[in-house]
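Single-structure report; data block below.
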Amino acid sequence: MLSIAQKLDYIPALASVALTFVWALVTLAVRAPQHPTHWLLHIGYAVFRKLTARLTAAQMQYVLPASNLVYNRYIRSVRQKPLTVKLDHGAMGHWIGSPDAKNILVWYHGGGFALPANIAYFKFFARIVAECEKNGQSLSIFALTYTLAPVATYPTQLRQAVEALRYILVEKGHSPNNVILGGDSAGGNLVGGVLSHLTHTHPAIHPLKLDNDTRIAGAVMIAPWVCLQPDLSGRIVDSRGDLITPAVGPLWGGGYVGAAPKDFYTDLSDAPVEWYANFPVRKILVCGGEREILLPVIEDFVEKLRKGFTGNVEFCIGKGEGHVAPVYNLYLGDKRETQQGRRAQGFIGELLEKM
């Protein structure tokens, strides 16, 4: 619950956001090459940067609808019946498509562990399902609603992410060969955490082991946040083409970890290369935007992952794109397909063709 002071703070905060909007509008014609090329993204990214810098996670959560409510609103807007499953440890899973589909994509949404999924996530999911159906492939998506930080802290969200996969493999009886893990930003962190748990059981989370020589079909990590508080002091950081700033990492990363020390489950990029060697997954796709501030960190992670992981690692950089562009560009009203989104869809389709 917000204090009265926090609620009153919305007034100056919204005033500063309004000024940012006006300034972005005024500078449209003279924006630098480092800014987004599309006018809608130029304005939207600027506003989002201001919002995340000016408001606390609690203030944003207070006005944003929860992920499960966003799902219900979306699924009814497309004249389908909501299908939500209550999972252990307070989590929920939402179906986009039939639970009886042959192939399942388990998705963990981003937002710094602090923001709920917005409606663009479900539009993005619908694109993936529709593309698979067009190609005669059976795919459904199981999207997790986890408890947001700092209401709950690590390892709660990782435990809930493991439970989502456990439900698909154990309760629903899907073969790992027909399951794909996916996530963006903080959700990409959870993908790495779940793969780590499958290989190196987390001491605070119930084990989930696959049979010998059994592997998950693939994993998609879009702009994975695998280093919660990266040291960017030796790098020139240009946020103009992105929707986040370096200030977000320490605040939201600290809110997620809480009092716990960081480890290889929270900061996968800190793990030795041997940590990745036996990840039980056939292929991994990592995506990043050319303009996002985390790109150097993601590049370092991919280089390390390729040295340690025995399977195939593909890296896609979306030219001119920002952080989690496949989702947030849709959220801002830009319906053009992103390079990262196109490659993620293609990667998933290629995995399904071999099943």
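Chain labels A, B, ... are given in the sequence in which chains occur in the structure tokens; within each chain residues are numbered consecutively from 1, and ligands are likewise numbered from 1 in the order shown.
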Taking the chain letters and numbering used in this document, name the residues of range 181-298 of chain A that DSSP puts in alpha helix (DSSP H), as a PyMOL selection string. chain A and resi 186-199+248-257+295-298
Residue selection dump (N, CA and C atoms) as a PDB file, in the first residue's frame:
```pdb
ATOM      1  N   ALA A 186      13.909  -9.782 -17.489  1.00  0.00           N
ATOM      2  CA  ALA A 186      13.863 -10.557 -16.251  1.00  0.00           C
ATOM      3  C   ALA A 186      13.375 -11.973 -16.510  1.00  0.00           C
ATOM      4  N   GLY A 187      12.488 -12.133 -17.493  1.00  0.00           N
ATOM      5  CA  GLY A 187      12.041 -13.469 -17.872  1.00  0.00           C
ATOM      6  C   GLY A 187      13.156 -14.288 -18.484  1.00  0.00           C
ATOM      7  N   GLY A 188      14.071 -13.628 -19.215  1.00  0.00           N
ATOM      8  CA  GLY A 188      15.247 -14.315 -19.717  1.00  0.00           C
ATOM      9  C   GLY A 188      16.144 -14.762 -18.577  1.00  0.00           C
ATOM     10  N   ASN A 189      16.206 -13.952 -17.519  1.00  0.00           N
ATOM     11  CA  ASN A 189      16.920 -14.336 -16.303  1.00  0.00           C
ATOM     12  C   ASN A 189      16.327 -15.629 -15.747  1.00  0.00           C
ATOM     13  N   LEU A 190      14.993 -15.726 -15.728  1.00  0.00           N
ATOM     14  CA  LEU A 190      14.328 -16.911 -15.202  1.00  0.00           C
ATOM     15  C   LEU A 190      14.573 -18.134 -16.080  1.00  0.00           C
ATOM     16  N   VAL A 191      14.638 -17.932 -17.399  1.00  0.00           N
ATOM     17  CA  VAL A 191      14.975 -19.048 -18.283  1.00  0.00           C
ATOM     18  C   VAL A 191      16.332 -19.625 -17.889  1.00  0.00           C
ATOM     19  N   GLY A 192      17.314 -18.742 -17.711  1.00  0.00           N
ATOM     20  CA  GLY A 192      18.634 -19.185 -17.291  1.00  0.00           C
ATOM     21  C   GLY A 192      18.611 -19.836 -15.920  1.00  0.00           C
ATOM     22  N   GLY A 193      17.797 -19.294 -15.019  1.00  0.00           N
ATOM     23  CA  GLY A 193      17.692 -19.860 -13.683  1.00  0.00           C
ATOM     24  C   GLY A 193      17.069 -21.244 -13.690  1.00  0.00           C
ATOM     25  N   VAL A 194      16.045 -21.434 -14.521  1.00  0.00           N
ATOM     26  CA  VAL A 194      15.391 -22.745 -14.610  1.00  0.00           C
ATOM     27  C   VAL A 194      16.337 -23.770 -15.218  1.00  0.00           C
ATOM     28  N   LEU A 195      17.040 -23.407 -16.294  1.00  0.00           N
ATOM     29  CA  LEU A 195      18.012 -24.319 -16.887  1.00  0.00           C
ATOM     30  C   LEU A 195      19.109 -24.667 -15.871  1.00  0.00           C
ATOM     31  N   SER A 196      19.498 -23.684 -15.072  1.00  0.00           N
ATOM     32  CA  SER A 196      20.491 -23.940 -14.035  1.00  0.00           C
ATOM     33  C   SER A 196      19.952 -24.917 -13.001  1.00  0.00           C
ATOM     34  N   HIS A 197      18.693 -24.737 -12.602  1.00  0.00           N
ATOM     35  CA  HIS A 197      18.086 -25.626 -11.603  1.00  0.00           C
ATOM     36  C   HIS A 197      17.955 -27.048 -12.127  1.00  0.00           C
ATOM     37  N   LEU A 198      17.659 -27.191 -13.418  1.00  0.00           N
ATOM     38  CA  LEU A 198      17.554 -28.532 -13.998  1.00  0.00           C
ATOM     39  C   LEU A 198      18.903 -29.256 -13.961  1.00  0.00           C
ATOM     40  N   THR A 199      19.973 -28.490 -13.991  1.00  0.00           N
ATOM     41  CA  THR A 199      21.321 -29.067 -14.019  1.00  0.00           C
ATOM     42  C   THR A 199      21.964 -29.084 -12.637  1.00  0.00           C
ATOM     43  N   VAL A 248      17.880   1.821 -13.734  1.00  0.00           N
ATOM     44  CA  VAL A 248      16.877   0.783 -13.456  1.00  0.00           C
ATOM     45  C   VAL A 248      17.508  -0.443 -12.815  1.00  0.00           C
ATOM     46  N   GLY A 249      18.700  -0.847 -13.289  1.00  0.00           N
ATOM     47  CA  GLY A 249      19.321  -2.077 -12.826  1.00  0.00           C
ATOM     48  C   GLY A 249      19.506  -2.170 -11.326  1.00  0.00           C
ATOM     49  N   PRO A 250      20.232  -1.226 -10.711  1.00  0.00           N
ATOM     50  CA  PRO A 250      20.455  -1.318  -9.265  1.00  0.00           C
ATOM     51  C   PRO A 250      19.159  -1.291  -8.453  1.00  0.00           C
ATOM     52  N   LEU A 251      18.185  -0.475  -8.877  1.00  0.00           N
ATOM     53  CA  LEU A 251      16.943  -0.356  -8.120  1.00  0.00           C
ATOM     54  C   LEU A 251      16.110  -1.628  -8.203  1.00  0.00           C
ATOM     55  N   TRP A 252      15.828  -2.085  -9.416  1.00  0.00           N
ATOM     56  CA  TRP A 252      14.960  -3.245  -9.581  1.00  0.00           C
ATOM     57  C   TRP A 252      15.706  -4.546  -9.305  1.00  0.00           C
ATOM     58  N   GLY A 253      17.000  -4.594  -9.627  1.00  0.00           N
ATOM     59  CA  GLY A 253      17.781  -5.776  -9.299  1.00  0.00           C
ATOM     60  C   GLY A 253      17.870  -5.978  -7.798  1.00  0.00           C
ATOM     61  N   GLY A 254      18.078  -4.888  -7.066  1.00  0.00           N
ATOM     62  CA  GLY A 254      18.108  -4.970  -5.614  1.00  0.00           C
ATOM     63  C   GLY A 254      16.770  -5.358  -5.038  1.00  0.00           C
ATOM     64  N   GLY A 255      15.686  -4.877  -5.670  1.00  0.00           N
ATOM     65  CA  GLY A 255      14.352  -5.242  -5.212  1.00  0.00           C
ATOM     66  C   GLY A 255      14.061  -6.716  -5.395  1.00  0.00           C
ATOM     67  N   TYR A 256      14.642  -7.312  -6.437  1.00  0.00           N
ATOM     68  CA  TYR A 256      14.443  -8.735  -6.694  1.00  0.00           C
ATOM     69  C   TYR A 256      15.251  -9.602  -5.733  1.00  0.00           C
ATOM     70  N   VAL A 257      16.524  -9.294  -5.560  1.00  0.00           N
ATOM     71  CA  VAL A 257      17.391 -10.119  -4.722  1.00  0.00           C
ATOM     72  C   VAL A 257      17.076  -9.938  -3.242  1.00  0.00           C
ATOM     73  N   LEU A 295      23.245  -4.361 -24.346  1.00  0.00           N
ATOM     74  CA  LEU A 295      23.822  -5.175 -25.414  1.00  0.00           C
ATOM     75  C   LEU A 295      25.257  -5.629 -25.111  1.00  0.00           C
ATOM     76  N   PRO A 296      26.160  -4.758 -24.635  1.00  0.00           N
ATOM     77  CA  PRO A 296      27.510  -5.249 -24.338  1.00  0.00           C
ATOM     78  C   PRO A 296      27.523  -6.373 -23.306  1.00  0.00           C
ATOM     79  N   VAL A 297      26.636  -6.274 -22.309  1.00  0.00           N
ATOM     80  CA  VAL A 297      26.542  -7.312 -21.278  1.00  0.00           C
ATOM     81  C   VAL A 297      26.015  -8.606 -21.889  1.00  0.00           C
ATOM     82  N   ILE A 298      25.015  -8.485 -22.770  1.00  0.00           N
ATOM     83  CA  ILE A 298      24.456  -9.662 -23.434  1.00  0.00           C
ATOM     84  C   ILE A 298      25.504 -10.311 -24.338  1.00  0.00           C
TER      85      ILE A 298
END
```
I'd like the neighbourhood of range 321-332 of chain A as a list in words, where a residue qualifies if any of its atoms comes within 7 Å (using only C-alpha atoms), though same-chain residues fewer than 5 positions away should be ignored.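 Residues near the query, excluding close chain neighbours: Leu41, Gly44, Ala120, Tyr121, Phe124, Asp184, Ile222, Ala223, Gly241, Asp242, Leu243, Gly289, Glu290, Arg291, Glu292, Thr338, Gln340 and Gly341 of chain A.
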With all heavy atoms retained, write the just-selected residues as a short mmCIF file (atom, residue, chain, number, x, y, z; two decimals), in the first residue's frame.
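As written to disk, result_29.cif reads:
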```
data_model
loop_
_atom_site.label_atom_id
_atom_site.label_comp_id
_atom_site.auth_asym_id
_atom_site.auth_seq_id
_atom_site.Cartn_x
_atom_site.Cartn_y
_atom_site.Cartn_z
N LEU A 41 8.20 5.48 -31.56
CA LEU A 41 9.14 4.92 -30.60
C LEU A 41 10.00 6.01 -29.96
O LEU A 41 10.36 5.91 -28.79
CB LEU A 41 10.03 3.89 -31.28
CG LEU A 41 9.32 2.69 -31.92
CD1 LEU A 41 10.32 1.72 -32.53
CD2 LEU A 41 8.44 1.98 -30.90
N GLY A 44 7.62 7.32 -27.33
CA GLY A 44 7.30 6.31 -26.34
C GLY A 44 8.48 5.90 -25.48
O GLY A 44 8.34 5.74 -24.26
N ALA A 120 0.66 -6.24 -24.72
CA ALA A 120 1.46 -6.54 -25.91
C ALA A 120 2.09 -7.92 -25.84
O ALA A 120 2.36 -8.54 -26.88
CB ALA A 120 2.53 -5.48 -26.10
N TYR A 121 2.34 -8.42 -24.64
CA TYR A 121 2.86 -9.78 -24.52
C TYR A 121 1.91 -10.78 -25.18
O TYR A 121 2.34 -11.66 -25.94
CB TYR A 121 3.06 -10.16 -23.05
CG TYR A 121 4.36 -9.65 -22.47
CD1 TYR A 121 4.40 -8.46 -21.75
CD2 TYR A 121 5.54 -10.36 -22.65
CE1 TYR A 121 5.58 -7.99 -21.23
CE2 TYR A 121 6.74 -9.88 -22.12
CZ TYR A 121 6.75 -8.70 -21.41
OH TYR A 121 7.93 -8.24 -20.91
N PHE A 124 1.92 -10.55 -28.85
CA PHE A 124 3.14 -11.19 -29.36
C PHE A 124 2.97 -12.71 -29.36
O PHE A 124 3.33 -13.39 -30.33
CB PHE A 124 4.33 -10.76 -28.50
CG PHE A 124 5.63 -11.43 -28.84
CD1 PHE A 124 6.19 -11.30 -30.11
CD2 PHE A 124 6.31 -12.19 -27.89
CE1 PHE A 124 7.40 -11.91 -30.43
CE2 PHE A 124 7.52 -12.79 -28.20
CZ PHE A 124 8.06 -12.66 -29.47
N ASP A 184 11.86 -12.86 -21.61
CA ASP A 184 12.49 -11.61 -22.03
C ASP A 184 12.92 -10.83 -20.80
O ASP A 184 12.22 -10.80 -19.79
CB ASP A 184 11.50 -10.77 -22.84
CG ASP A 184 10.25 -10.40 -22.04
OD1 ASP A 184 9.37 -11.27 -21.90
OD2 ASP A 184 10.18 -9.28 -21.54
N ILE A 222 15.21 -13.33 -24.87
CA ILE A 222 15.21 -12.02 -25.51
C ILE A 222 15.70 -10.98 -24.50
O ILE A 222 15.10 -10.82 -23.43
CB ILE A 222 13.81 -11.64 -26.02
CG1 ILE A 222 13.36 -12.64 -27.10
CG2 ILE A 222 13.79 -10.23 -26.58
CD1 ILE A 222 11.97 -12.37 -27.65
N ALA A 223 16.80 -10.32 -24.83
CA ALA A 223 17.40 -9.31 -23.95
C ALA A 223 17.53 -9.83 -22.52
O ALA A 223 17.05 -9.19 -21.57
CB ALA A 223 16.58 -8.03 -23.97
N GLY A 241 18.41 5.50 -27.62
CA GLY A 241 17.70 4.58 -28.49
C GLY A 241 17.05 3.44 -27.76
O GLY A 241 16.58 2.47 -28.38
N ASP A 242 16.96 3.54 -26.43
CA ASP A 242 16.41 2.46 -25.62
C ASP A 242 15.28 2.98 -24.74
O ASP A 242 15.09 4.19 -24.61
CB ASP A 242 17.53 1.86 -24.75
CG ASP A 242 17.25 0.43 -24.33
OD1 ASP A 242 16.21 -0.12 -24.73
OD2 ASP A 242 18.09 -0.13 -23.61
N LEU A 243 14.57 2.06 -24.09
CA LEU A 243 13.48 2.49 -23.22
C LEU A 243 13.83 2.39 -21.75
O LEU A 243 13.00 2.67 -20.89
CB LEU A 243 12.20 1.68 -23.51
CG LEU A 243 12.22 0.19 -23.20
CD1 LEU A 243 10.93 -0.20 -22.49
CD2 LEU A 243 12.31 -0.62 -24.47
N GLY A 289 18.86 -6.01 -28.77
CA GLY A 289 18.69 -4.87 -29.66
C GLY A 289 19.99 -4.11 -29.85
O GLY A 289 20.77 -3.93 -28.90
N GLU A 290 20.23 -3.64 -31.06
CA GLU A 290 21.46 -2.90 -31.34
C GLU A 290 21.59 -1.65 -30.49
O GLU A 290 22.68 -1.22 -30.13
CB GLU A 290 21.49 -2.52 -32.82
CG GLU A 290 22.74 -1.79 -33.26
CD GLU A 290 22.66 -1.29 -34.68
OE1 GLU A 290 21.55 -0.90 -35.12
OE2 GLU A 290 23.70 -1.28 -35.37
N ARG A 291 20.44 -1.04 -30.14
CA ARG A 291 20.46 0.23 -29.40
C ARG A 291 20.26 0.05 -27.89
O ARG A 291 20.25 1.04 -27.16
CB ARG A 291 19.36 1.15 -29.95
CG ARG A 291 19.51 1.49 -31.42
CD ARG A 291 20.60 2.53 -31.66
NE ARG A 291 20.82 2.78 -33.07
CZ ARG A 291 20.07 3.56 -33.83
NH1 ARG A 291 19.01 4.15 -33.31
NH2 ARG A 291 20.37 3.73 -35.11
N GLU A 292 20.08 -1.16 -27.42
CA GLU A 292 19.79 -1.30 -26.00
C GLU A 292 21.07 -1.22 -25.16
O GLU A 292 22.13 -1.67 -25.58
CB GLU A 292 19.02 -2.57 -25.71
CG GLU A 292 19.73 -3.88 -25.85
CD GLU A 292 18.86 -5.00 -25.30
OE1 GLU A 292 18.72 -5.05 -24.06
OE2 GLU A 292 18.32 -5.79 -26.08
N THR A 338 9.53 -6.79 -35.65
CA THR A 338 10.93 -6.53 -35.35
C THR A 338 11.80 -7.69 -35.84
O THR A 338 11.33 -8.80 -36.03
CB THR A 338 11.14 -6.36 -33.84
OG1 THR A 338 10.77 -7.58 -33.18
CG2 THR A 338 10.29 -5.22 -33.29
N GLN A 340 14.14 -9.09 -34.06
CA GLN A 340 14.23 -10.07 -32.98
C GLN A 340 12.97 -10.93 -32.92
O GLN A 340 13.06 -12.16 -32.74
CB GLN A 340 14.40 -9.35 -31.64
CG GLN A 340 15.69 -8.57 -31.51
CD GLN A 340 15.76 -7.82 -30.21
OE1 GLN A 340 15.94 -8.43 -29.14
NE2 GLN A 340 15.61 -6.51 -30.26
N GLY A 341 11.82 -10.31 -33.08
CA GLY A 341 10.57 -11.07 -33.05
C GLY A 341 10.47 -12.04 -34.20
O GLY A 341 10.02 -13.19 -34.03
#
```
Near range 16-31 of chain A, within 12 Å and counting only C-alpha atoms, which residues show up once chain neighbours fewer than 3 positions away are dropped, as a PyMOL selection string? chain A and resi 9-13+34-55+240-241
Nearest candidate to Thr84 in chain A (options A:Ile141, A:Leu115, A:Leu105, A:Ala126; using only C-alpha atoms): A:Ile141
Which residues, written as a list of chain:residue names, have at least one atom at most 8 Å from Val281 in chain A, with only C-alpha atoms counted and residues fewer than 5 positions away on the same chain left out?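 Neighbouring residues, sequence-local ones excluded: A:Leu195, A:Arg215, A:Ile216, A:Ala217, A:Gly218, A:Ala219, A:Gly311.
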Quick one: write out the picked residues with C-alpha atoms as a PDB file, in the first residue's frame?
```pdb
ATOM      1  CA  LEU A 195      18.012 -24.319 -16.887  1.00  0.00           C
ATOM      2  CA  ARG A 215      16.461 -32.445 -23.287  1.00  0.00           C
ATOM      3  CA  ILE A 216      14.066 -29.566 -23.717  1.00  0.00           C
ATOM      4  CA  ALA A 217      13.642 -28.668 -27.382  1.00  0.00           C
ATOM      5  CA  GLY A 218      14.930 -25.126 -27.119  1.00  0.00           C
ATOM      6  CA  ALA A 219      15.162 -21.886 -25.174  1.00  0.00           C
ATOM      7  CA  GLY A 311      24.629 -27.444 -27.724  1.00  0.00           C
TER       8      GLY A 311
END
```
Smallest atom-to-atom distance to Arg76 in chain A: which of A:Arg235, A:Leu305, A:Thr153, A:Ile119, using only C-alpha atoms?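 Among A:Arg235, A:Leu305, A:Thr153, A:Ile119, it is A:Ile119 that comes nearest to Arg76 in chain A.
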Hey, which bits of range 10-100 of chain A sit within 12 Å of range 128-134 of chain A, and for each residue what's the closest pair of atoms and how far apart in Å (one decimal), counting only C-alpha atoms, rows by chain and increasing number, as a Markdown table?
```
| residue | atom | partner | partner_atom | distance |
| --- | --- | --- | --- | --- |
| A:Trp95 | CA | A:Val129 | CA | 11.4 |
| A:Ile96 | CA | A:Val129 | CA | 8.1 |
| A:Gly97 | CA | A:Val129 | CA | 7.5 |
| A:Ser98 | CA | A:Val129 | CA | 10.4 |
```
Closest of A:Leu139, A:Tyr167, A:Ala57, A:Lys335 to Lys86 in chain A - atom-to-atom distances counting only C-alpha atoms: A:Tyr167
